[in-house]
Amino acid sequence: MSINNTSSNSGFVSLVGAGPGDPDLLTVKGLRVIQAADVVVYDRLVSEDILALADSSAEMIYVGKQLDFHCVPQDQINQILVQKAQEGKRVVRLKGGDSFIFGRGGEELEELAKFGIKYEVVPGITAAAGATAYAGIPLTHRDHAQSVQFITGHVQKDGREIEWASLAQSNNSLVFYMGLKQSGHICDKLITHGLSAQTPCAIIENGTRPEQRVLNGTLETLPELAKGAVSPALIVIGSVASLGERLGWFHQ
Ligand SMILES: C[S@@+](CC[C@H](N)C(=O)[O-])C[C@H]1O[C@@H](n2cnc3c(N)ncnc32)[C@H](O)[C@@H]1O
């Protein structure tokens, strides 16, 4: 693949968040740029209905990011974006949820900036917002939580540990992305650092999709609950998590 590292001329990249699953949660701006794209470079969690919005002449490139496995390595994804833009194409880089929340959107923009390629960012509804809305779990609530934290269950790039003490003592709502495999570790660390074992928890799998399922329990039952859950799933920990049992509304 040949990349000209001086600068690009006319190509343009739109980094678009497709939302968590329900295709109706795509933004109007996202819809417009997808319809106008020459090339769509998309990930695994983008729904078929959203891909179908692209023009039939658009080149569709699957780069299939998946937990623990990138079917196309990040370097190569960056190269595709740069090359297609340098060919003068209108490129849509389409990701699940929001590109800037655990989506490596920042890394891809850094690469585009390095090559002088023009871009825009079209925000999407991140899974924590979409899935909890459909599960009837308000992430903040004056009687329950004044703030919310989004945390990755993945080990950090540099091997750094999450700051468990501050999470356990914050009284926030905690939302773990990519946390299913780590649920035992999450549970142990939070309890060790002082969070009550009886703190309500919910696992939302396939949030906003027809097959959405919500599993309710407490921090100490979380590892057991997680064994019966499938990806993609979010773990919500905090007193708000129990509200979904009363306020949940999305039933197929
Ligand atoms: C690599 S992260 C991408 C997050 C995405 N950028 C966002 O803003 O939602 C993938 C993780 O997001 C969460 N996720 C994405 N879509 C989801 C859905 N529909 N329901 C529940 N969790 C979801 C899961 O924790 C999954 O492992």
# chains A, B, ... in the order shown; residues from 1 in each chain; ligands from 1
call {"tool": "select_by_dssp", "arguments": {"residues": "region 37-115 of chain A", "states": "strand (DSSP E)", "output": "mmCIF file with N, CA and C atoms, in the first residue's frame"}}
result
data_model
loop_
_atom_site.group_PDB
_atom_site.id
_atom_site.type_symbol
_atom_site.label_atom_id
_atom_site.label_comp_id
_atom_site.auth_asym_id
_atom_site.auth_seq_id
_atom_site.Cartn_x
_atom_site.Cartn_y
_atom_site.Cartn_z
ATOM 1 N N VAL A 39 -16.367 5.531 0.613
ATOM 2 C CA VAL A 39 -15.779 4.364 1.282
ATOM 3 C C VAL A 39 -16.285 4.335 2.723
ATOM 4 N N VAL A 40 -16.697 3.156 3.201
ATOM 5 C CA VAL A 40 -17.087 3.007 4.606
ATOM 6 C C VAL A 40 -16.187 1.934 5.217
ATOM 7 N N VAL A 41 -15.447 2.321 6.243
ATOM 8 C CA VAL A 41 -14.544 1.384 6.936
ATOM 9 C C VAL A 41 -15.196 1.105 8.287
ATOM 10 N N TYR A 42 -15.654 -0.137 8.513
ATOM 11 C CA TYR A 42 -16.527 -0.367 9.669
ATOM 12 C C TYR A 42 -16.075 -1.515 10.559
ATOM 13 N N GLU A 59 -17.646 1.680 -1.402
ATOM 14 C CA GLU A 59 -16.781 0.544 -1.087
ATOM 15 C C GLU A 59 -16.892 0.275 0.412
ATOM 16 N N MET A 60 -17.235 -0.963 0.776
ATOM 17 C CA MET A 60 -17.430 -1.295 2.193
ATOM 18 C C MET A 60 -16.233 -2.127 2.660
ATOM 19 N N ILE A 61 -15.515 -1.625 3.642
ATOM 20 C CA ILE A 61 -14.318 -2.348 4.119
ATOM 21 C C ILE A 61 -14.519 -2.729 5.580
ATOM 22 N N TYR A 62 -14.573 -4.037 5.817
ATOM 23 C CA TYR A 62 -14.758 -4.552 7.183
ATOM 24 C C TYR A 62 -13.401 -4.703 7.856
ATOM 25 N N LYS A 65 -13.139 -5.175 14.408
ATOM 26 C CA LYS A 65 -12.580 -5.240 15.764
ATOM 27 C C LYS A 65 -13.480 -6.047 16.672
ATOM 28 N N GLN A 66 -12.856 -6.826 17.488
ATOM 29 C CA GLN A 66 -13.583 -7.707 18.374
ATOM 30 C C GLN A 66 -12.749 -7.836 19.641
ATOM 31 N N PHE A 69 -9.216 -9.373 19.815
ATOM 32 C CA PHE A 69 -8.875 -9.824 18.480
ATOM 33 C C PHE A 69 -9.216 -8.753 17.459
ATOM 34 N N HIS A 70 -8.231 -8.294 16.733
ATOM 35 C CA HIS A 70 -8.488 -7.342 15.652
ATOM 36 C C HIS A 70 -8.271 -8.078 14.354
ATOM 37 N N ARG A 90 -14.299 10.410 -0.058
ATOM 38 C CA ARG A 90 -14.996 10.752 1.182
ATOM 39 C C ARG A 90 -15.113 9.453 1.983
ATOM 40 N N VAL A 91 -14.393 9.406 3.059
ATOM 41 C CA VAL A 91 -14.297 8.161 3.831
ATOM 42 C C VAL A 91 -15.105 8.302 5.122
ATOM 43 N N VAL A 92 -15.920 7.292 5.409
ATOM 44 C CA VAL A 92 -16.563 7.241 6.725
ATOM 45 C C VAL A 92 -15.908 6.122 7.516
ATOM 46 N N ARG A 93 -15.404 6.481 8.678
ATOM 47 C CA ARG A 93 -14.868 5.465 9.596
ATOM 48 C C ARG A 93 -15.958 5.249 10.639
ATOM 49 N N LEU A 94 -16.604 4.083 10.549
ATOM 50 C CA LEU A 94 -17.827 3.840 11.313
ATOM 51 C C LEU A 94 -17.553 2.865 12.462
ATOM 52 N N LYS A 95 -17.862 3.328 13.671
ATOM 53 C CA LYS A 95 -17.578 2.518 14.865
ATOM 54 C C LYS A 95 -18.835 2.377 15.713
#
call {"tool": "residues_near_ligand", "arguments": {"ligand": "ligand 1", "cutoff": "6 Å", "atoms": "only C-alpha atoms and all ligand atoms", "output": "ChimeraX atom specification"}}
result
/A:20-21,96-99,101-103,126-127,131,177-178,204-208,232-234
call {"tool": "residues_around", "arguments": {"residues": "Ala168 (chain A)", "least_positions_apart": "3", "cutoff": "10 Å", "atoms": "only C-alpha atoms", "output": "ChimeraX atom specification"}}
result
/A:163-165,171-172,174,189-196,238
call {"tool": "closest_residue", "arguments": {"among": "A:Gly228, A:Pro210, A:Gly217, A:Pro200", "to": "Leu180 (chain A)", "atoms": "only C-alpha atoms"}}
result
A:Gly228
call {"tool": "atom_distance", "arguments": {"atom1": "CA of His185 (chain A)", "atom2": "CA of Glu245 (chain A)"}}
result
25.5 Å
call {"tool": "atom_distance", "arguments": {"atom1": "CA of Gly11 (chain A)", "atom2": "CA of Tyr119 (chain A)"}}
result
8.8 Å
call {"tool": "residues_around", "arguments": {"residues": "Asn216 (chain A)", "least_positions_apart": "6", "cutoff": "10 Å", "atoms": "only C-alpha atoms", "output": "VMD selection string"}}
result
chain A and resid 200 to 204 222 225 235 to 236 241 to 242 244 to 245
call {"tool": "residues_around", "arguments": {"residues": "Leu26 (chain A)", "least_positions_apart": "5", "cutoff": "9 Å", "atoms": "only C-alpha atoms", "output": "PDB file with C-alpha atoms, in the first residue's frame"}}
result
ATOM      1  CA  GLY A  17     -20.279   6.788  16.025  1.00  0.00           C
ATOM      2  CA  ALA A  18     -23.047   4.389  14.988  1.00  0.00           C
ATOM      3  CA  GLY A  19     -24.586   4.032  18.452  1.00  0.00           C
ATOM      4  CA  PRO A  20     -24.992   0.870  20.503  1.00  0.00           C
ATOM      5  CA  GLY A  21     -27.187  -1.292  18.271  1.00  0.00           C
ATOM      6  CA  LEU A  31     -26.942   9.271   8.390  1.00  0.00           C
ATOM      7  CA  ILE A  50     -26.822   1.036   9.392  1.00  0.00           C
ATOM      8  CA  GLY A 124     -22.545   8.562  18.616  1.00  0.00           C
ATOM      9  CA  ILE A 125     -24.560   7.319  21.562  1.00  0.00           C
TER      10      ILE A 125
END
call {"tool": "closest_residue", "arguments": {"among": "A:Ile117, A:Ala36, A:Leu109, A:Cys71", "to": "Asp55 (chain A)", "atoms": "only C-alpha atoms"}}
result
A:Ala36
call {"tool": "select_by_dssp", "arguments": {"residues": "region 97-186 of chain A", "states": "helix (DSSP H, G or I)", "output": "PyMOL selection string"}}
result
chain A and resi 105-114+127-135+164-168+180-186
call {"tool": "residues_around", "arguments": {"residues": "Ile162 (chain A)", "least_positions_apart": "3", "cutoff": "12 Å", "atoms": "only C-alpha atoms", "output": "PDB file with N, CA, C and O atoms, in the first residue's frame"}}
result
ATOM      1  N   PHE A 150     -17.082   5.784  33.616  1.00  0.00           N
ATOM      2  CA  PHE A 150     -16.975   4.725  32.606  1.00  0.00           C
ATOM      3  C   PHE A 150     -15.575   4.136  32.736  1.00  0.00           C
ATOM      4  O   PHE A 150     -14.578   4.869  32.702  1.00  0.00           O
ATOM      5  N   ILE A 151     -15.505   2.824  32.852  1.00  0.00           N
ATOM      6  CA  ILE A 151     -14.213   2.181  33.111  1.00  0.00           C
ATOM      7  C   ILE A 151     -14.060   1.012  32.137  1.00  0.00           C
ATOM      8  O   ILE A 151     -15.045   0.309  31.856  1.00  0.00           O
ATOM      9  N   THR A 152     -12.853   0.793  31.660  1.00  0.00           N
ATOM     10  CA  THR A 152     -12.633  -0.396  30.826  1.00  0.00           C
ATOM     11  C   THR A 152     -12.221  -1.576  31.704  1.00  0.00           C
ATOM     12  O   THR A 152     -11.388  -1.425  32.609  1.00  0.00           O
ATOM     13  N   GLY A 153     -12.798  -2.732  31.427  1.00  0.00           N
ATOM     14  CA  GLY A 153     -12.416  -3.950  32.145  1.00  0.00           C
ATOM     15  C   GLY A 153     -11.122  -4.523  31.601  1.00  0.00           C
ATOM     16  O   GLY A 153     -10.547  -5.442  32.182  1.00  0.00           O
ATOM     17  N   HIS A 154     -10.669  -4.002  30.471  1.00  0.00           N
ATOM     18  CA  HIS A 154      -9.410  -4.461  29.869  1.00  0.00           C
ATOM     19  C   HIS A 154      -8.221  -3.978  30.671  1.00  0.00           C
ATOM     20  O   HIS A 154      -8.246  -2.875  31.204  1.00  0.00           O
ATOM     21  N   VAL A 155      -7.167  -4.765  30.662  1.00  0.00           N
ATOM     22  CA  VAL A 155      -5.917  -4.316  31.276  1.00  0.00           C
ATOM     23  C   VAL A 155      -5.416  -3.118  30.468  1.00  0.00           C
ATOM     24  O   VAL A 155      -5.514  -3.095  29.237  1.00  0.00           O
ATOM     25  N   GLN A 156      -4.916  -2.087  31.157  1.00  0.00           N
ATOM     26  CA  GLN A 156      -4.410  -0.896  30.479  1.00  0.00           C
ATOM     27  C   GLN A 156      -3.218  -1.245  29.594  1.00  0.00           C
ATOM     28  O   GLN A 156      -2.513  -2.210  29.859  1.00  0.00           O
ATOM     29  N   LYS A 157      -3.008  -0.417  28.556  1.00  0.00           N
ATOM     30  CA  LYS A 157      -1.916  -0.625  27.590  1.00  0.00           C
ATOM     31  C   LYS A 157      -0.570  -0.778  28.306  1.00  0.00           C
ATOM     32  O   LYS A 157       0.234  -1.634  27.987  1.00  0.00           O
ATOM     33  N   ASP A 158      -0.332   0.058  29.337  1.00  0.00           N
ATOM     34  CA  ASP A 158       0.961   0.019  30.024  1.00  0.00           C
ATOM     35  C   ASP A 158       0.924  -0.874  31.273  1.00  0.00           C
ATOM     36  O   ASP A 158       1.808  -0.806  32.110  1.00  0.00           O
ATOM     37  N   GLY A 159      -0.138  -1.699  31.401  1.00  0.00           N
ATOM     38  CA  GLY A 159      -0.230  -2.621  32.530  1.00  0.00           C
ATOM     39  C   GLY A 159      -0.648  -1.974  33.845  1.00  0.00           C
ATOM     40  O   GLY A 159      -0.709  -2.627  34.877  1.00  0.00           O
ATOM     41  N   ALA A 165      -9.400   1.920  44.863  1.00  0.00           N
ATOM     42  CA  ALA A 165      -9.800   2.562  46.121  1.00  0.00           C
ATOM     43  C   ALA A 165     -10.711   3.751  45.832  1.00  0.00           C
ATOM     44  O   ALA A 165     -11.761   3.917  46.472  1.00  0.00           O
ATOM     45  N   SER A 166     -10.355   4.538  44.835  1.00  0.00           N
ATOM     46  CA  SER A 166     -11.179   5.719  44.577  1.00  0.00           C
ATOM     47  C   SER A 166     -12.523   5.307  43.983  1.00  0.00           C
ATOM     48  O   SER A 166     -13.549   5.922  44.275  1.00  0.00           O
ATOM     49  N   LEU A 167     -12.550   4.238  43.184  1.00  0.00           N
ATOM     50  CA  LEU A 167     -13.840   3.771  42.644  1.00  0.00           C
ATOM     51  C   LEU A 167     -14.735   3.250  43.767  1.00  0.00           C
ATOM     52  O   LEU A 167     -15.929   3.541  43.823  1.00  0.00           O
ATOM     53  N   ALA A 168     -14.139   2.461  44.660  1.00  0.00           N
ATOM     54  CA  ALA A 168     -14.928   1.812  45.712  1.00  0.00           C
ATOM     55  C   ALA A 168     -15.487   2.825  46.698  1.00  0.00           C
ATOM     56  O   ALA A 168     -16.535   2.609  47.304  1.00  0.00           O
ATOM     57  N   PHE A 176     -18.750  -0.565  33.660  1.00  0.00           N
ATOM     58  CA  PHE A 176     -17.590  -1.253  33.086  1.00  0.00           C
ATOM     59  C   PHE A 176     -17.912  -1.714  31.671  1.00  0.00           C
ATOM     60  O   PHE A 176     -18.873  -2.445  31.448  1.00  0.00           O
ATOM     61  N   HIS A 185     -12.460 -10.346  39.163  1.00  0.00           N
ATOM     62  CA  HIS A 185     -11.431  -9.400  39.587  1.00  0.00           C
ATOM     63  C   HIS A 185     -12.092  -8.073  40.034  1.00  0.00           C
ATOM     64  O   HIS A 185     -11.755  -7.517  41.083  1.00  0.00           O
ATOM     65  N   ILE A 186     -13.050  -7.612  39.239  1.00  0.00           N
ATOM     66  CA  ILE A 186     -13.742  -6.352  39.553  1.00  0.00           C
ATOM     67  C   ILE A 186     -14.431  -6.478  40.917  1.00  0.00           C
ATOM     68  O   ILE A 186     -14.318  -5.612  41.791  1.00  0.00           O
ATOM     69  N   LYS A 189     -11.812  -6.710  43.847  1.00  0.00           N
ATOM     70  CA  LYS A 189     -11.112  -5.441  44.103  1.00  0.00           C
ATOM     71  C   LYS A 189     -12.031  -4.425  44.764  1.00  0.00           C
ATOM     72  O   LYS A 189     -11.631  -3.728  45.703  1.00  0.00           O
ATOM     73  N   LEU A 190     -13.272  -4.335  44.273  1.00  0.00           N
ATOM     74  CA  LEU A 190     -14.174  -3.324  44.838  1.00  0.00           C
ATOM     75  C   LEU A 190     -14.545  -3.673  46.279  1.00  0.00           C
ATOM     76  O   LEU A 190     -14.584  -2.803  47.156  1.00  0.00           O
ATOM     77  N   HIS A 193     -11.681  -3.028  48.611  1.00  0.00           N
ATOM     78  CA  HIS A 193     -11.456  -1.598  48.857  1.00  0.00           C
ATOM     79  C   HIS A 193     -12.657  -0.909  49.502  1.00  0.00           C
ATOM     80  O   HIS A 193     -12.725   0.313  49.548  1.00  0.00           O
TER      81      HIS A 193
END
call {"tool": "decode", "arguments": {"residues": "region 132-156 of chain A", "atoms": "N, CA, C and O atoms", "output": "PDB file, in the first residue's frame"}}
result
ATOM      1  N   THR A 132     -28.218   1.675  29.105  1.00  0.00           N
ATOM      2  CA  THR A 132     -28.883   1.953  30.392  1.00  0.00           C
ATOM      3  C   THR A 132     -30.226   2.643  30.165  1.00  0.00           C
ATOM      4  O   THR A 132     -31.188   2.394  30.896  1.00  0.00           O
ATOM      5  N   ALA A 133     -30.307   3.499  29.141  1.00  0.00           N
ATOM      6  CA  ALA A 133     -31.601   4.140  28.844  1.00  0.00           C
ATOM      7  C   ALA A 133     -32.641   3.071  28.522  1.00  0.00           C
ATOM      8  O   ALA A 133     -33.766   3.100  29.040  1.00  0.00           O
ATOM      9  N   TYR A 134     -32.266   2.099  27.692  1.00  0.00           N
ATOM     10  CA  TYR A 134     -33.221   1.057  27.300  1.00  0.00           C
ATOM     11  C   TYR A 134     -33.507   0.093  28.453  1.00  0.00           C
ATOM     12  O   TYR A 134     -34.518  -0.590  28.460  1.00  0.00           O
ATOM     13  N   ALA A 135     -32.600   0.032  29.420  1.00  0.00           N
ATOM     14  CA  ALA A 135     -32.804  -0.857  30.573  1.00  0.00           C
ATOM     15  C   ALA A 135     -33.505  -0.132  31.727  1.00  0.00           C
ATOM     16  O   ALA A 135     -33.748  -0.734  32.774  1.00  0.00           O
ATOM     17  N   GLY A 136     -33.802   1.150  31.558  1.00  0.00           N
ATOM     18  CA  GLY A 136     -34.472   1.910  32.628  1.00  0.00           C
ATOM     19  C   GLY A 136     -33.574   2.157  33.829  1.00  0.00           C
ATOM     20  O   GLY A 136     -34.036   2.231  34.965  1.00  0.00           O
ATOM     21  N   ILE A 137     -32.264   2.322  33.570  1.00  0.00           N
ATOM     22  CA  ILE A 137     -31.310   2.591  34.657  1.00  0.00           C
ATOM     23  C   ILE A 137     -30.764   4.014  34.486  1.00  0.00           C
ATOM     24  O   ILE A 137     -29.901   4.243  33.623  1.00  0.00           O
ATOM     25  N   PRO A 138     -31.251   4.987  35.253  1.00  0.00           N
ATOM     26  CA  PRO A 138     -30.716   6.348  35.138  1.00  0.00           C
ATOM     27  C   PRO A 138     -29.343   6.393  35.807  1.00  0.00           C
ATOM     28  O   PRO A 138     -29.210   6.042  36.978  1.00  0.00           O
ATOM     29  N   LEU A 139     -28.306   6.789  35.072  1.00  0.00           N
ATOM     30  CA  LEU A 139     -26.948   6.694  35.626  1.00  0.00           C
ATOM     31  C   LEU A 139     -26.706   7.689  36.754  1.00  0.00           C
ATOM     32  O   LEU A 139     -25.876   7.447  37.627  1.00  0.00           O
ATOM     33  N   THR A 140     -27.395   8.814  36.699  1.00  0.00           N
ATOM     34  CA  THR A 140     -27.401   9.689  37.872  1.00  0.00           C
ATOM     35  C   THR A 140     -28.851   9.854  38.308  1.00  0.00           C
ATOM     36  O   THR A 140     -29.770   9.714  37.492  1.00  0.00           O
ATOM     37  N   HIS A 141     -29.028  10.102  39.583  1.00  0.00           N
ATOM     38  CA  HIS A 141     -30.376  10.236  40.154  1.00  0.00           C
ATOM     39  C   HIS A 141     -30.145  10.918  41.498  1.00  0.00           C
ATOM     40  O   HIS A 141     -29.267  10.479  42.255  1.00  0.00           O
ATOM     41  N   ARG A 142     -30.919  11.930  41.799  1.00  0.00           N
ATOM     42  CA  ARG A 142     -30.620  12.698  43.017  1.00  0.00           C
ATOM     43  C   ARG A 142     -30.644  11.862  44.294  1.00  0.00           C
ATOM     44  O   ARG A 142     -29.995  12.190  45.271  1.00  0.00           O
ATOM     45  N   ASP A 143     -31.402  10.755  44.279  1.00  0.00           N
ATOM     46  CA  ASP A 143     -31.452   9.915  45.480  1.00  0.00           C
ATOM     47  C   ASP A 143     -30.405   8.801  45.477  1.00  0.00           C
ATOM     48  O   ASP A 143     -30.334   8.012  46.422  1.00  0.00           O
ATOM     49  N   HIS A 144     -29.650   8.677  44.397  1.00  0.00           N
ATOM     50  CA  HIS A 144     -28.767   7.504  44.288  1.00  0.00           C
ATOM     51  C   HIS A 144     -27.312   7.827  43.963  1.00  0.00           C
ATOM     52  O   HIS A 144     -26.409   7.316  44.618  1.00  0.00           O
ATOM     53  N   ALA A 145     -27.075   8.610  42.914  1.00  0.00           N
ATOM     54  CA  ALA A 145     -25.678   8.841  42.493  1.00  0.00           C
ATOM     55  C   ALA A 145     -25.563  10.214  41.850  1.00  0.00           C
ATOM     56  O   ALA A 145     -26.382  10.579  41.011  1.00  0.00           O
ATOM     57  N   GLN A 146     -24.529  10.931  42.264  1.00  0.00           N
ATOM     58  CA  GLN A 146     -24.320  12.287  41.735  1.00  0.00           C
ATOM     59  C   GLN A 146     -23.380  12.283  40.538  1.00  0.00           C
ATOM     60  O   GLN A 146     -23.219  13.282  39.864  1.00  0.00           O
ATOM     61  N   SER A 147     -22.729  11.178  40.307  1.00  0.00           N
ATOM     62  CA  SER A 147     -21.813  11.134  39.161  1.00  0.00           C
ATOM     63  C   SER A 147     -21.689   9.702  38.665  1.00  0.00           C
ATOM     64  O   SER A 147     -22.168   8.756  39.302  1.00  0.00           O
ATOM     65  N   VAL A 148     -21.045   9.585  37.511  1.00  0.00           N
ATOM     66  CA  VAL A 148     -20.903   8.263  36.893  1.00  0.00           C
ATOM     67  C   VAL A 148     -19.490   8.153  36.324  1.00  0.00           C
ATOM     68  O   VAL A 148     -18.916   9.146  35.884  1.00  0.00           O
ATOM     69  N   GLN A 149     -18.951   6.959  36.385  1.00  0.00           N
ATOM     70  CA  GLN A 149     -17.631   6.734  35.772  1.00  0.00           C
ATOM     71  C   GLN A 149     -17.713   5.596  34.769  1.00  0.00           C
ATOM     72  O   GLN A 149     -18.360   4.569  35.039  1.00  0.00           O
ATOM     73  N   PHE A 150     -17.082   5.784  33.616  1.00  0.00           N
ATOM     74  CA  PHE A 150     -16.975   4.725  32.606  1.00  0.00           C
ATOM     75  C   PHE A 150     -15.575   4.136  32.736  1.00  0.00           C
ATOM     76  O   PHE A 150     -14.578   4.869  32.702  1.00  0.00           O
ATOM     77  N   ILE A 151     -15.505   2.824  32.852  1.00  0.00           N
ATOM     78  CA  ILE A 151     -14.213   2.181  33.111  1.00  0.00           C
ATOM     79  C   ILE A 151     -14.060   1.012  32.137  1.00  0.00           C
ATOM     80  O   ILE A 151     -15.045   0.309  31.856  1.00  0.00           O
ATOM     81  N   THR A 152     -12.853   0.793  31.660  1.00  0.00           N
ATOM     82  CA  THR A 152     -12.633  -0.396  30.826  1.00  0.00           C
ATOM     83  C   THR A 152     -12.221  -1.576  31.704  1.00  0.00           C
ATOM     84  O   THR A 152     -11.388  -1.425  32.609  1.00  0.00           O
ATOM     85  N   GLY A 153     -12.798  -2.732  31.427  1.00  0.00           N
ATOM     86  CA  GLY A 153     -12.416  -3.950  32.145  1.00  0.00           C
ATOM     87  C   GLY A 153     -11.122  -4.523  31.601  1.00  0.00           C
ATOM     88  O   GLY A 153     -10.547  -5.442  32.182  1.00  0.00           O
ATOM     89  N   HIS A 154     -10.669  -4.002  30.471  1.00  0.00           N
ATOM     90  CA  HIS A 154      -9.410  -4.461  29.869  1.00  0.00           C
ATOM     91  C   HIS A 154      -8.221  -3.978  30.671  1.00  0.00           C
ATOM     92  O   HIS A 154      -8.246  -2.875  31.204  1.00  0.00           O
ATOM     93  N   VAL A 155      -7.167  -4.765  30.662  1.00  0.00           N
ATOM     94  CA  VAL A 155      -5.917  -4.316  31.276  1.00  0.00           C
ATOM     95  C   VAL A 155      -5.416  -3.118  30.468  1.00  0.00           C
ATOM     96  O   VAL A 155      -5.514  -3.095  29.237  1.00  0.00           O
ATOM     97  N   GLN A 156      -4.916  -2.087  31.157  1.00  0.00           N
ATOM     98  CA  GLN A 156      -4.410  -0.896  30.479  1.00  0.00           C
ATOM     99  C   GLN A 156      -3.218  -1.245  29.594  1.00  0.00           C
ATOM    100  O   GLN A 156      -2.513  -2.210  29.859  1.00  0.00           O
TER     101      GLN A 156
END
